[in-house]
Every structure is written in structure tokens, then in C-alpha cells.
>>> print(open('run.cif').read())   # mmCIF, C-alpha atoms
data_work
loop_
_atom_site.label_atom_id
_atom_site.label_comp_id
_atom_site.auth_asym_id
_atom_site.auth_seq_id
_atom_site.Cartn_x
_atom_site.Cartn_y
_atom_site.Cartn_z
CA MET A 1 11.05 -34.21 7.13
CA LYS A 2 8.40 -35.73 4.88
CA ILE A 3 5.29 -33.84 3.83
CA SER A 4 2.78 -33.80 1.01
CA ALA A 5 0.45 -31.04 -0.14
CA SER A 6 -1.48 -30.06 -3.22
CA LYS A 7 0.42 -27.96 -5.72
CA LYS A 8 -2.18 -25.17 -5.35
CA ASP A 9 -1.92 -24.96 -1.55
CA LEU A 10 1.86 -25.12 -1.66
CA LEU A 11 2.11 -22.49 -4.39
CA ASP A 12 -0.31 -20.16 -2.59
CA GLY A 13 1.86 -20.39 0.52
CA VAL A 14 5.08 -19.87 -1.40
CA ASN A 15 3.69 -16.84 -3.24
CA THR A 16 2.57 -15.32 0.06
CA VAL A 17 5.91 -15.57 1.87
CA MET A 18 8.01 -14.72 -1.22
CA LYS A 19 7.00 -11.11 -0.65
CA ALA A 20 9.36 -11.06 2.35
CA VAL A 21 12.36 -12.51 0.51
CA PRO A 22 14.81 -9.65 -0.10
CA ALA A 23 15.98 -8.85 -3.62
CA ARG A 24 19.48 -8.39 -2.22
CA ALA A 25 20.21 -10.47 0.84
CA THR A 26 23.00 -9.72 3.31
CA ALA A 27 23.26 -13.43 4.20
CA PRO A 28 22.49 -16.60 2.19
CA ILE A 29 19.95 -17.83 4.76
CA MET A 30 17.83 -14.71 4.10
CA GLU A 31 17.36 -15.88 0.51
CA CYS A 32 15.55 -18.97 1.80
CA ILE A 33 12.04 -20.03 2.64
CA LEU A 34 11.89 -21.96 5.90
CA ILE A 35 9.61 -25.01 5.85
CA GLU A 36 8.61 -26.41 9.23
CA ALA A 37 6.45 -29.47 9.84
CA ASP A 38 5.44 -30.18 13.43
CA SER A 39 2.41 -30.63 15.68
CA GLN A 40 1.17 -27.17 14.69
CA GLY A 41 1.06 -28.04 10.98
CA ILE A 42 3.10 -27.07 7.92
CA ARG A 43 4.50 -23.54 8.05
CA LEU A 44 6.34 -21.49 5.46
CA THR A 45 8.31 -18.43 6.57
CA ALA A 46 10.43 -15.75 4.94
CA ASN A 47 12.11 -12.87 6.75
CA ASP A 48 14.34 -10.04 5.55
CA SER A 49 14.68 -8.60 9.10
CA GLU A 50 12.46 -5.63 8.20
CA LEU A 51 9.46 -7.62 6.95
CA GLY A 52 8.60 -11.19 7.89
CA ILE A 53 5.73 -13.37 6.66
CA GLU A 54 4.58 -16.72 8.01
CA THR A 55 1.72 -18.81 6.65
CA ASN A 56 0.32 -22.26 7.34
CA ILE A 57 -0.76 -24.54 4.51
CA LYS A 58 -2.89 -27.67 4.36
CA GLY A 59 -1.03 -30.92 3.94
CA LEU A 60 -0.04 -34.28 5.34
CA ILE A 61 2.95 -34.60 7.69
CA LEU A 62 4.58 -38.01 7.42
CA GLU A 63 7.70 -37.02 9.35
CA GLU A 64 8.31 -33.81 11.31
CA GLY A 65 11.31 -31.65 10.51
CA THR A 66 12.68 -28.36 9.21
CA VAL A 67 14.54 -27.27 6.09
CA ALA A 68 15.48 -23.93 4.52
CA LEU A 69 15.31 -23.87 0.72
CA GLU A 70 16.61 -21.18 -1.62
CA ALA A 71 13.43 -19.23 -2.37
CA LYS A 72 14.03 -18.44 -6.03
CA PHE A 73 14.72 -22.06 -7.02
CA PHE A 74 12.06 -23.57 -4.77
CA SER A 75 9.30 -21.21 -5.97
CA GLY A 76 10.31 -21.82 -9.58
CA ILE A 77 10.13 -25.56 -9.10
CA VAL A 78 6.73 -25.48 -7.40
CA ARG A 79 5.33 -23.17 -10.07
CA SER A 80 6.47 -25.56 -12.82
CA LEU A 81 4.98 -28.72 -11.32
CA PRO A 82 1.80 -30.43 -12.58
CA ASP A 83 -1.47 -29.69 -10.77
CA SER A 84 -1.18 -32.68 -8.47
CA THR A 85 0.12 -33.71 -5.05
CA VAL A 86 3.64 -32.54 -4.22
CA ASN A 87 5.82 -34.69 -1.95
CA ILE A 88 8.80 -33.12 -0.17
CA ALA A 89 11.35 -35.18 1.77
CA THR A 90 14.74 -34.27 3.24
CA ASP A 91 17.62 -36.45 4.40
CA ALA A 92 20.09 -35.94 7.24
CA ASN A 93 22.17 -33.58 5.07
CA TYR A 94 19.10 -31.53 4.07
CA ILE A 95 19.18 -32.72 0.49
CA THR A 96 15.56 -32.19 -0.48
CA ASN A 97 13.65 -34.47 -2.82
CA ILE A 98 10.60 -32.89 -4.49
CA THR A 99 8.31 -35.18 -6.52
CA CYS A 100 5.03 -34.56 -8.30
CA ASP A 101 3.66 -37.22 -10.67
CA LYS A 102 6.70 -38.10 -12.80
CA ALA A 103 8.67 -34.91 -12.05
CA VAL A 104 11.56 -35.41 -9.61
CA PHE A 105 13.88 -32.70 -8.26
CA ASN A 106 16.74 -32.97 -5.78
CA ILE A 107 18.09 -29.68 -4.40
CA ALA A 108 20.42 -28.73 -1.58
CA GLY A 109 18.80 -27.31 1.52
CA ARG A 110 20.01 -25.80 4.78
CA SER A 111 19.34 -26.69 8.38
CA GLY A 112 17.57 -23.43 9.09
CA ILE A 113 19.37 -23.06 12.40
CA ASP A 114 20.59 -19.59 11.34
CA PHE A 115 17.19 -18.54 10.02
CA VAL A 116 15.95 -15.41 11.83
CA ALA A 117 12.60 -16.23 13.42
CA LEU A 118 9.80 -13.70 13.39
CA PRO A 119 9.85 -11.56 16.53
CA GLU A 120 7.36 -12.40 19.24
CA ILE A 121 4.76 -9.65 19.39
CA GLU A 122 3.01 -8.95 22.69
CA LYS A 123 -0.70 -8.95 21.90
CA THR A 124 -1.86 -6.11 24.12
CA ASN A 125 -2.36 -3.00 21.95
CA HIS A 126 -4.45 -3.95 18.95
CA ILE A 127 -7.42 -3.15 16.75
CA VAL A 128 -9.73 -5.32 14.63
CA MET A 129 -11.06 -4.22 11.25
CA SER A 130 -12.30 -5.77 8.04
CA GLN A 131 -9.73 -6.77 5.46
CA PHE A 132 -11.74 -4.77 2.93
CA SER A 133 -11.44 -1.55 4.97
CA LEU A 134 -7.70 -1.99 5.52
CA ARG A 135 -7.06 -2.79 1.88
CA GLU A 136 -9.09 0.20 0.70
CA ILE A 137 -7.57 2.73 3.09
CA ILE A 138 -4.08 1.67 2.00
CA ARG A 139 -4.99 1.67 -1.70
CA GLN A 140 -6.43 5.15 -1.37
CA THR A 141 -3.25 6.63 0.15
CA ILE A 142 -0.22 4.50 -0.80
CA PHE A 143 0.48 6.42 -4.02
CA SER A 144 1.52 9.42 -1.91
CA VAL A 145 4.31 7.53 -0.12
CA ALA A 146 7.74 8.77 -1.25
CA ALA A 147 9.31 6.64 -3.98
CA ASN A 148 12.72 6.76 -2.29
CA ASP A 149 13.81 6.60 1.32
CA ASN A 150 15.81 9.82 1.44
CA ASN A 151 13.41 10.83 4.19
CA GLN A 152 12.41 7.76 6.20
CA LEU A 153 9.24 9.37 7.52
CA MET A 154 7.99 9.90 3.97
CA ALA A 155 8.69 6.25 3.14
CA GLY A 156 5.84 5.15 5.39
CA GLU A 157 2.24 5.85 6.25
CA TYR A 158 1.12 7.38 9.52
CA PHE A 159 -1.57 5.40 11.35
CA GLU A 160 -3.42 7.39 14.02
CA ILE A 161 -6.10 5.76 16.15
CA LYS A 162 -8.28 7.87 18.42
CA GLY A 163 -11.25 6.12 19.95
CA ASP A 164 -13.26 4.58 17.12
CA ARG A 165 -11.51 6.57 14.38
CA LEU A 166 -8.55 5.54 12.23
CA ARG A 167 -6.73 8.13 10.16
CA VAL A 168 -4.02 7.15 7.65
CA ILE A 169 -1.70 9.77 6.13
CA ALA A 170 0.92 9.59 3.38
CA LEU A 171 3.02 12.35 1.84
CA ASP A 172 6.00 12.62 -0.48
CA GLY A 173 6.84 16.32 -0.31
CA GLN A 174 4.62 17.27 -3.28
CA ARG A 175 1.27 15.92 -2.12
CA ILE A 176 -0.61 14.56 0.87
CA ALA A 177 -3.23 11.82 1.01
CA ILE A 178 -5.46 11.36 4.06
CA ARG A 179 -8.25 8.86 4.67
CA ARG A 180 -10.42 8.51 7.76
CA ILE A 181 -12.67 5.58 8.65
CA GLU A 182 -14.81 4.61 11.61
CA LEU A 183 -13.90 1.42 13.47
CA ASN A 184 -16.44 -1.00 14.95
CA GLU A 185 -15.09 -0.49 18.46
CA SER A 186 -13.40 2.24 20.47
CA TYR A 187 -9.69 1.81 21.26
CA GLY A 188 -6.98 3.69 23.10
CA ASP A 189 -4.96 6.36 21.31
CA VAL A 190 -2.19 4.89 19.14
CA SER A 191 0.11 6.44 16.53
CA LEU A 192 2.78 4.73 14.45
CA ILE A 193 4.52 4.88 11.07
CA VAL A 194 4.28 1.73 8.93
CA PRO A 195 6.73 1.30 6.00
CA GLY A 196 5.15 1.72 2.60
CA LYS A 197 6.88 -1.48 1.48
CA THR A 198 4.96 -3.47 4.09
CA LEU A 199 1.63 -1.93 3.16
CA ARG A 200 2.13 -2.59 -0.55
CA GLU A 201 2.61 -6.27 0.24
CA ILE A 202 -0.33 -6.38 2.65
CA ILE A 203 -2.83 -5.29 -0.01
CA LYS A 204 -1.53 -8.06 -2.28
CA ILE A 205 -2.11 -10.72 0.38
CA VAL A 206 -5.38 -9.85 2.12
CA THR A 207 -8.57 -11.02 0.44
CA GLY A 208 -10.29 -7.67 0.69
CA GLU A 209 -13.54 -9.33 1.76
CA MET A 210 -15.83 -7.27 3.99
CA ASP A 211 -16.69 -10.26 6.22
CA ASP A 212 -13.04 -11.28 6.78
CA ASN A 213 -11.36 -9.50 9.69
CA ILE A 214 -7.72 -8.72 10.30
CA ASP A 215 -6.07 -8.12 13.68
CA LEU A 216 -3.40 -5.43 13.98
CA TYR A 217 -1.11 -5.61 17.02
CA PHE A 218 1.31 -2.82 17.92
CA THR A 219 4.48 -2.55 19.96
CA ASP A 220 7.02 0.28 20.11
CA ASN A 221 9.04 -1.26 17.29
CA HIS A 222 6.77 -3.61 15.34
CA ILE A 223 3.34 -4.12 13.87
CA LEU A 224 1.75 -7.54 13.40
CA PHE A 225 -0.99 -8.20 10.86
CA GLU A 226 -2.75 -11.48 11.61
CA PHE A 227 -5.44 -12.91 9.37
CA GLY A 228 -6.51 -16.44 8.48
CA THR A 229 -3.44 -18.66 8.69
CA THR A 230 -1.01 -15.84 7.87
CA LYS A 231 1.11 -13.48 10.00
CA VAL A 232 2.95 -10.44 8.68
CA VAL A 233 5.42 -8.72 11.02
CA SER A 234 7.09 -5.45 10.13
CA ARG A 235 9.43 -3.04 11.80
CA LEU A 236 8.01 0.43 12.32
CA ILE A 237 9.67 3.65 11.20
CA GLU A 238 10.98 5.63 14.15
CA GLY A 239 10.52 9.36 14.54
CA GLU A 240 7.92 12.05 15.08
CA TYR A 241 5.61 12.41 12.10
CA PHE A 242 4.89 15.70 10.38
CA ARG A 243 2.25 17.99 11.85
CA ILE A 244 -0.12 17.55 8.97
CA ASP A 245 -3.01 19.53 10.41
CA ARG A 246 -0.89 22.69 10.27
CA MET A 247 -0.28 22.15 6.56
CA ILE A 248 -3.95 22.00 5.61
CA SER A 249 -5.76 25.30 5.86
CA SER A 250 -9.53 25.53 6.10
CA ASP A 251 -9.45 28.99 4.50
CA TYR A 252 -10.04 29.37 0.79
CA ASP A 253 -10.76 32.09 -1.77
CA THR A 254 -12.18 29.84 -4.47
CA ARG A 255 -14.22 26.65 -4.31
CA ILE A 256 -15.50 24.60 -7.20
CA THR A 257 -17.64 21.48 -7.52
CA VAL A 258 -17.15 19.39 -10.64
CA ASP A 259 -18.23 16.04 -12.04
CA LYS A 260 -15.38 13.69 -11.19
CA ARG A 261 -15.49 11.57 -14.33
CA THR A 262 -15.60 14.60 -16.60
CA PHE A 263 -12.65 16.21 -14.83
CA GLN A 264 -10.69 12.96 -14.77
CA SER A 265 -11.26 12.29 -18.48
CA CYS A 266 -10.20 15.82 -19.37
CA ILE A 267 -6.92 15.46 -17.48
CA GLU A 268 -6.24 12.10 -19.10
CA ARG A 269 -6.74 13.60 -22.56
CA ALA A 270 -4.41 16.50 -21.78
CA SER A 271 -1.82 14.08 -20.41
CA LEU A 272 -1.48 12.51 -23.85
CA LEU A 273 0.61 15.53 -24.85
CA ILE A 274 3.06 15.18 -21.97
CA SER A 275 6.22 13.14 -22.54
CA GLU A 276 8.56 11.73 -19.90
CA SER A 277 11.26 14.22 -20.88
CA ASP A 278 8.91 17.22 -20.98
CA ARG A 279 6.82 17.23 -17.84
CA ARG A 280 4.76 20.37 -18.42
CA PRO A 281 2.04 21.35 -15.96
CA ILE A 282 -1.60 21.42 -16.93
CA ILE A 283 -3.07 24.89 -16.45
CA MET A 284 -6.44 25.20 -14.76
CA ASP A 285 -8.18 28.50 -15.58
CA ILE A 286 -11.26 29.02 -13.41
CA THR A 287 -13.86 31.67 -14.26
CA ASP A 288 -17.60 32.13 -13.97
CA ASP A 289 -17.92 30.60 -17.44
CA GLY A 290 -16.35 27.28 -16.41
CA MET A 291 -12.96 25.68 -15.91
CA GLU A 292 -10.61 25.56 -18.87
CA LEU A 293 -7.78 23.04 -18.82
CA ASN A 294 -4.96 23.59 -21.25
CA ILE A 295 -1.56 22.15 -21.97
CA ARG A 296 1.24 23.41 -24.19
CA SER A 297 4.08 20.98 -24.73
CA THR A 298 6.65 20.13 -27.37
CA ILE A 299 4.13 17.64 -28.76
CA GLY A 300 1.25 20.05 -29.17
CA THR A 301 -1.53 21.93 -27.40
CA MET A 302 -4.95 21.15 -26.02
CA ASN A 303 -7.75 23.26 -24.55
CA GLU A 304 -10.99 22.01 -23.05
CA THR A 305 -13.62 23.72 -20.91
CA ILE A 306 -15.82 21.84 -18.47
CA ASP A 307 -18.82 22.97 -16.42
CA ILE A 308 -18.36 23.74 -12.74
CA ASP A 309 -20.17 25.25 -9.78
CA LYS A 310 -17.93 28.09 -8.62
CA GLU A 311 -17.75 30.18 -5.49
CA GLY A 312 -15.17 32.94 -5.05
CA ARG A 313 -12.52 34.60 -7.19
CA ASP A 314 -11.29 33.69 -10.67
CA LEU A 315 -8.03 31.76 -10.57
CA LYS A 316 -5.37 30.30 -12.82
CA ILE A 317 -3.12 27.56 -11.44
CA GLY A 318 -0.74 24.86 -12.76
CA PHE A 319 -0.41 21.33 -11.45
CA ASN A 320 1.15 17.93 -12.06
CA PRO A 321 -1.65 15.99 -13.80
CA GLN A 322 -0.52 12.60 -12.48
CA PHE A 323 -0.85 13.73 -8.87
CA VAL A 324 -4.44 14.85 -9.42
CA LYS A 325 -5.28 11.70 -11.43
CA ASP A 326 -3.97 9.51 -8.59
CA ALA A 327 -6.37 11.18 -6.16
CA LEU A 328 -9.36 11.12 -8.52
CA SER A 329 -8.85 7.42 -9.26
CA VAL A 330 -9.55 6.44 -5.63
CA ILE A 331 -12.48 8.78 -4.94
CA ASP A 332 -15.88 7.13 -5.37
CA ASP A 333 -17.99 10.31 -5.24
CA GLU A 334 -19.69 11.41 -8.46
CA ASN A 335 -18.96 15.07 -7.72
CA ILE A 336 -15.88 16.42 -5.99
CA THR A 337 -15.13 19.75 -4.34
CA ILE A 338 -11.77 21.48 -4.81
CA TYR A 339 -10.54 24.35 -2.66
CA PHE A 340 -8.02 27.03 -3.73
CA THR A 341 -6.35 29.91 -1.92
CA ASN A 342 -4.18 31.36 -4.68
CA SER A 343 -2.03 30.23 -7.60
CA LYS A 344 0.90 29.43 -5.29
CA ALA A 345 -1.01 27.55 -2.59
CA PRO A 346 -1.94 23.85 -2.64
CA ILE A 347 -5.02 22.41 -4.30
CA ILE A 348 -7.17 20.62 -1.72
CA ILE A 349 -9.75 17.98 -2.71
CA LYS A 350 -11.96 16.87 0.17
CA ASP A 351 -15.50 15.91 1.10
CA GLU A 352 -17.58 17.61 3.79
CA GLU A 353 -16.90 14.90 6.38
CA GLN A 354 -13.18 14.93 5.47
CA SER A 355 -13.25 11.15 5.14
CA TYR A 356 -10.72 11.91 2.42
CA VAL A 357 -8.38 14.85 1.92
CA TYR A 358 -5.94 15.13 -0.98
CA LEU A 359 -3.50 18.03 -1.19
CA VAL A 360 -1.36 18.76 -4.26
CA LEU A 361 1.25 21.48 -4.49
CA PRO A 362 0.98 23.74 -7.56
CA ILE A 363 3.62 24.15 -10.27
CA THR A 364 4.72 27.58 -11.40
CA PHE A 365 4.33 28.31 -15.09
CA SER A 366 5.02 31.12 -17.52
CA ALA A 367 2.02 32.91 -18.94
#
>>> encode(input="run.cif", output="C-alpha cells")
Amino acid sequence: MKISASKKDLLDGVNTVMKAVPARATAPIMECILIEADSQGIRLTANDSELGIETNIKGLILEEGTVALEAKFFSGIVRSLPDSTVNIATDANYITNITCDKAVFNIAGRSGIDFVALPEIEKTNHIVMSQFSLREIIRQTIFSVAANDNNQLMAGEYFEIKGDRLRVIALDGQRIAIRRIELNESYGDVSLIVPGKTLREIIKIVTGEMDDNIDLYFTDNHILFEFGTTKVVSRLIEGEYFRIDRMISSDYDTRITVDKRTFQSCIERASLLISESDRRPIIMDITDDGMELNIRSTIGTMNETIDIDKEGRDLKIGFNPQFVKDALSVIDDENITIYFTNSKAPIIIKDEEQSYVYLVLPITFSA
């Protein structure tokens, strides 16, 4: 194989597929990036069996061929090269020569015969949406995916398509994040659970441009994201997702409307008194006179009252400030509405159209 490409194009491709190289591989070939040069162009692929990424790069093919190179070393070499043309050539034993200006590297490669190819995805069930919309809907929910995989269902996000509506749900046992958007076309009903790991990588790769579309194809076991010259294939999480609608009550005893920035700033100030070893709740005391937020920790105390529009009973409730801050940080509305039932029931932040719904469980506290 003999190819040449600009350092920028090569590095962009390497950085894209590196996201599918496992930190701990079960086989040496999984630690590699596969480089293929044929009539279809120059392709880079990485695959950890759960997540696979393939991307095409611009370049000149002088001799077709295939080689698998250890990803860590290869990416490090490409990153270190001058901003010039990179030439890559392999011999019959897959010894790979990499040259750029006066820099010359020779590294051992593999045949790639044992490399696990990306699964072929039947392109029947699919939707089309803008990369911006996909990126935003993931960004606005991904923080509620469970940090560990003790419960596989909580390690992913639930995608539900009904007609021209897409709803994405994430929960970790302490909170729920839901976003709804309208699609440009109407599709058949589809529901699936996409690993959070996959979605975190997707939002790093897609451009996020409104005019750039992305195709999502679904099978019983996989999802394929296809955009530009890149394909991302991921296994789906099996199982029946939680019945979220039963967890979110429309009843409430107290409702407040508050300026989002004011509320967010107040929580951030109170959070300054919370250490990692002393995770105290912030207490929200709601009366006709306003909403007082206070914190008492081993570091000190803080009290601050902010103006609200209130409907219903007075209420005092404790909550994890980080969970509320995560929700506020992805809401664009100037004013937000929060619903309460009692001091032991979840806080629900939502708009009238329910394009977003954020639920946070309360924390008990001593008076």
C-alpha cells in the first residue's frame, strides 16, 4: 500500500476513529486502526465490537492495500508530524514507512485479516434530522445517563419515534431528563436504547450545523449514524425501558416561575460551600414572600432570597444542587416553571409544550 495525504486530513480522520479504540482491548488487533486504500478511496476504521467508526479521507492512492497500525503509536506519530504531506507505504511484511518532510518513521503493522469489520446495517428503518438537532438533544439529556453500568438500561438513552416526533429520555435513578423535538417528516413508530458511550462520542464528531443532515438507521441490534464521509455503528442495549410516563405526575400543589439566570447564579453561589466530602443539600424555602435558598455545611452558611411568581402552598424542600444546575444549563428559556407536590416528591422543571422535562428527586434534611 502506498498513499499520501495532508497531515490535517489524516489527523482529522485518526481523531475521529480513535473514539472507537478501546482503552482495554481483549485482542491486540482491537488496539489498531485499519487503513484501507482501494477504488472507494482511503478509509480509516476502528472497532471495539460495541462501537465502530469508519471515515474516508482525501488523499492520493499510489498503490492499493490494507494495513492495521497500533492506534496509540500511529496517532501520536501523525500528531507530531509537520503540517505537510504525509506519505505512508507498507511492504510485504506490513512494515510501515511514514514520512513527512524530513521526518521518517518505520513501525510494525498487521495484515488486518483478523480485524472485525463493521456490521452491515440494512437501510430500511431510518430517520433524517439535522446534525444540530441531534447534537442538541443529546447534549440536553446525556448528563442524566448513569455514570456506571450496574443497570444497563440506565447506561443508555431511550429514543422513541412516533410519527414526526422524537423523544429522548435519560435517567440515572436520581433524575430524569426528557427532550422532545419535531422531525421534518413522519416516520413509523420506533423505540430503542442507545448506549450513552456512543452518544457522547457522536456529539464530539458531528459538526452541529443546522444545514448538515445525519441519517440514523435502525435494526434490532444496531444503530448506524451516517453523515458526510463518516459512519458510526453501535450495538443497542437490549431490554424494555422504564415506563417513564408513570413516574411523572401532572398533579402539583405548588408551582413557581422564576428567572432562570437568577436561580442558576444563586445555586452556583451556594454550591461554593459544598465540598466533595460533605455533600449537603441546598434547602429551597418557598413562601409568598419569595424563594429562599440556604445551605449549611462544614465550610459555612449562606442564605439568599429571590423573587418568584408562586401558585399554591408554601413548601420547604432539599435537593442536590448539581442535578438542578445540570438541567438549568441546557434550558434556553429566560423564565422557567417548577412544579412541586410535597417535600418528598420530585421537583419537575418543564415548559408548557413539554419540549423539555427535568425531574430531580429531593433529599431529606434535618430542620
>>> closest_residue(input="run.cif", among="A:Ile3, A:Val116, A:Ile203, A:Val14", to="Thr96 of chain A", atoms="all atoms listed in the file")
A:Ile3
>>> residues_around(input="run.cif", residues="Val86 of chain A", least_positions_apart="3", cutoff="7 Å", atoms="all atoms listed in the file", output="PyMOL selection string")
chain A and resi 4-7+98-100
>>> atom_distance(input="run.cif", atom1="atom CA of Leu62 of chain A", atom2="atom CA of Asp83 of chain A")
20.9 Å
>>> closest_residue(input="run.cif", among="A:Ile317, A:Ile53, A:Ala68, A:Leu11", to="Ile223 of chain A", atoms="all atoms listed in the file")
A:Ile53
>>> residues_near_point(input="run.cif", point="(3.6, -14.1, 7.6)", cutoff="8 Å", atoms="only C-alpha atoms", output="PyMOL selection string")
chain A and resi 16-17+45-46+52-55+226+230-233
>>> residues_around(input="run.cif", residues="Thr207 of chain A", least_positions_apart="5", cutoff="8 Å", atoms="all atoms listed in the file", output="PyMOL selection string")
chain A and resi 131-132+212
>>> write_last_selection(input="run.cif", atoms="C-alpha atoms", output="PDB file, in the coordinates of the input")
ATOM      1  CA  GLN A 131      -9.730  -6.770   5.460  1.00  0.00           C
ATOM      2  CA  PHE A 132     -11.740  -4.770   2.930  1.00  0.00           C
ATOM      3  CA  ASP A 212     -13.040 -11.280   6.780  1.00  0.00           C
TER       4      ASP A 212
END
>>> residues_near_point(input="run.cif", point="(-9.0, 5.4, 9.0)", cutoff="8 Å", atoms="only C-alpha atoms", output="PyMOL selection string")
chain A and resi 137+159-161+165-168+179-183
>>> atom_distance(input="run.cif", atom1="atom CA of Arg110 of chain A", atom2="atom CA of Gly228 of chain A")
28.4 Å
>>> residues_around(input="run.cif", residues="Tyr252 of chain A", least_positions_apart="2", cutoff="10 Å", atoms="only C-alpha atoms", output="list in words")
Ser249, Ser250, Thr254, Arg255, Glu311, Gly312, Arg313, Ile338, Tyr339, Phe340, Thr341, Asn342, Ala345, Ile347 and Ile348 of chain A
>>> closest_residue(input="run.cif", among="A:Asp351, A:Glu31, A:Glu304, A:Glu209", to="Thr262 of chain A", atoms="all atoms listed in the file")
A:Glu304
>>> decode(input="run.cif", residues="segment 184-199 of chain A", atoms="N, CA, C and O atoms", output="PDB file, in the first residue's frame")
ATOM      1  N   ASN A 184     -38.744  16.636  10.441  1.00  0.00           N
ATOM      2  CA  ASN A 184     -39.225  17.240   9.192  1.00  0.00           C
ATOM      3  C   ASN A 184     -40.201  16.351   8.444  1.00  0.00           C
ATOM      4  O   ASN A 184     -40.967  16.820   7.609  1.00  0.00           O
ATOM      5  N   GLU A 185     -40.154  15.037   8.738  1.00  0.00           N
ATOM      6  CA  GLU A 185     -41.050  14.096   8.077  1.00  0.00           C
ATOM      7  C   GLU A 185     -41.695  13.197   9.128  1.00  0.00           C
ATOM      8  O   GLU A 185     -41.281  13.163  10.279  1.00  0.00           O
ATOM      9  N   SER A 186     -42.714  12.450   8.694  1.00  0.00           N
ATOM     10  CA  SER A 186     -43.369  11.497   9.576  1.00  0.00           C
ATOM     11  C   SER A 186     -42.813  10.104   9.291  1.00  0.00           C
ATOM     12  O   SER A 186     -42.621   9.716   8.132  1.00  0.00           O
ATOM     13  N   TYR A 187     -42.529   9.360  10.365  1.00  0.00           N
ATOM     14  CA  TYR A 187     -41.938   8.030  10.239  1.00  0.00           C
ATOM     15  C   TYR A 187     -42.783   7.017  11.010  1.00  0.00           C
ATOM     16  O   TYR A 187     -43.678   7.389  11.777  1.00  0.00           O
ATOM     17  N   GLY A 188     -42.465   5.749  10.825  1.00  0.00           N
ATOM     18  CA  GLY A 188     -43.130   4.716  11.599  1.00  0.00           C
ATOM     19  C   GLY A 188     -42.657   4.741  13.045  1.00  0.00           C
ATOM     20  O   GLY A 188     -41.646   5.358  13.386  1.00  0.00           O
ATOM     21  N   ASP A 189     -43.382   4.065  13.915  1.00  0.00           N
ATOM     22  CA  ASP A 189     -43.033   4.038  15.333  1.00  0.00           C
ATOM     23  C   ASP A 189     -41.786   3.186  15.551  1.00  0.00           C
ATOM     24  O   ASP A 189     -41.704   2.048  15.072  1.00  0.00           O
ATOM     25  N   VAL A 190     -40.821   3.757  16.263  1.00  0.00           N
ATOM     26  CA  VAL A 190     -39.560   3.070  16.565  1.00  0.00           C
ATOM     27  C   VAL A 190     -39.168   3.399  18.000  1.00  0.00           C
ATOM     28  O   VAL A 190     -39.344   4.529  18.449  1.00  0.00           O
ATOM     29  N   SER A 191     -38.648   2.410  18.723  1.00  0.00           N
ATOM     30  CA  SER A 191     -38.101   2.668  20.059  1.00  0.00           C
ATOM     31  C   SER A 191     -36.847   1.825  20.233  1.00  0.00           C
ATOM     32  O   SER A 191     -36.813   0.659  19.833  1.00  0.00           O
ATOM     33  N   LEU A 192     -35.818   2.414  20.815  1.00  0.00           N
ATOM     34  CA  LEU A 192     -34.553   1.719  21.016  1.00  0.00           C
ATOM     35  C   LEU A 192     -33.754   2.427  22.104  1.00  0.00           C
ATOM     36  O   LEU A 192     -34.022   3.578  22.442  1.00  0.00           O
ATOM     37  N   ILE A 193     -32.762   1.716  22.652  1.00  0.00           N
ATOM     38  CA  ILE A 193     -31.922   2.253  23.712  1.00  0.00           C
ATOM     39  C   ILE A 193     -30.489   2.314  23.193  1.00  0.00           C
ATOM     40  O   ILE A 193     -29.881   1.291  22.894  1.00  0.00           O
ATOM     41  N   VAL A 194     -29.952   3.528  23.091  1.00  0.00           N
ATOM     42  CA  VAL A 194     -28.608   3.747  22.546  1.00  0.00           C
ATOM     43  C   VAL A 194     -27.639   3.970  23.704  1.00  0.00           C
ATOM     44  O   VAL A 194     -27.918   4.782  24.600  1.00  0.00           O
ATOM     45  N   PRO A 195     -26.506   3.259  23.732  1.00  0.00           N
ATOM     46  CA  PRO A 195     -25.543   3.447  24.830  1.00  0.00           C
ATOM     47  C   PRO A 195     -25.104   4.895  24.972  1.00  0.00           C
ATOM     48  O   PRO A 195     -24.852   5.585  23.978  1.00  0.00           O
ATOM     49  N   GLY A 196     -24.982   5.339  26.213  1.00  0.00           N
ATOM     50  CA  GLY A 196     -24.514   6.695  26.468  1.00  0.00           C
ATOM     51  C   GLY A 196     -23.119   6.922  25.921  1.00  0.00           C
ATOM     52  O   GLY A 196     -22.794   8.015  25.435  1.00  0.00           O
ATOM     53  N   LYS A 197     -22.274   5.886  25.967  1.00  0.00           N
ATOM     54  CA  LYS A 197     -20.917   5.992  25.440  1.00  0.00           C
ATOM     55  C   LYS A 197     -20.940   6.393  23.968  1.00  0.00           C
ATOM     56  O   LYS A 197     -20.184   7.276  23.528  1.00  0.00           O
ATOM     57  N   THR A 198     -21.808   5.775  23.199  1.00  0.00           N
ATOM     58  CA  THR A 198     -21.921   6.091  21.775  1.00  0.00           C
ATOM     59  C   THR A 198     -22.343   7.537  21.572  1.00  0.00           C
ATOM     60  O   THR A 198     -21.768   8.260  20.754  1.00  0.00           O
ATOM     61  N   LEU A 199     -23.334   7.974  22.318  1.00  0.00           N
ATOM     62  CA  LEU A 199     -23.865   9.318  22.138  1.00  0.00           C
ATOM     63  C   LEU A 199     -22.858  10.382  22.550  1.00  0.00           C
ATOM     64  O   LEU A 199     -22.799  11.459  21.939  1.00  0.00           O
TER      65      LEU A 199
END
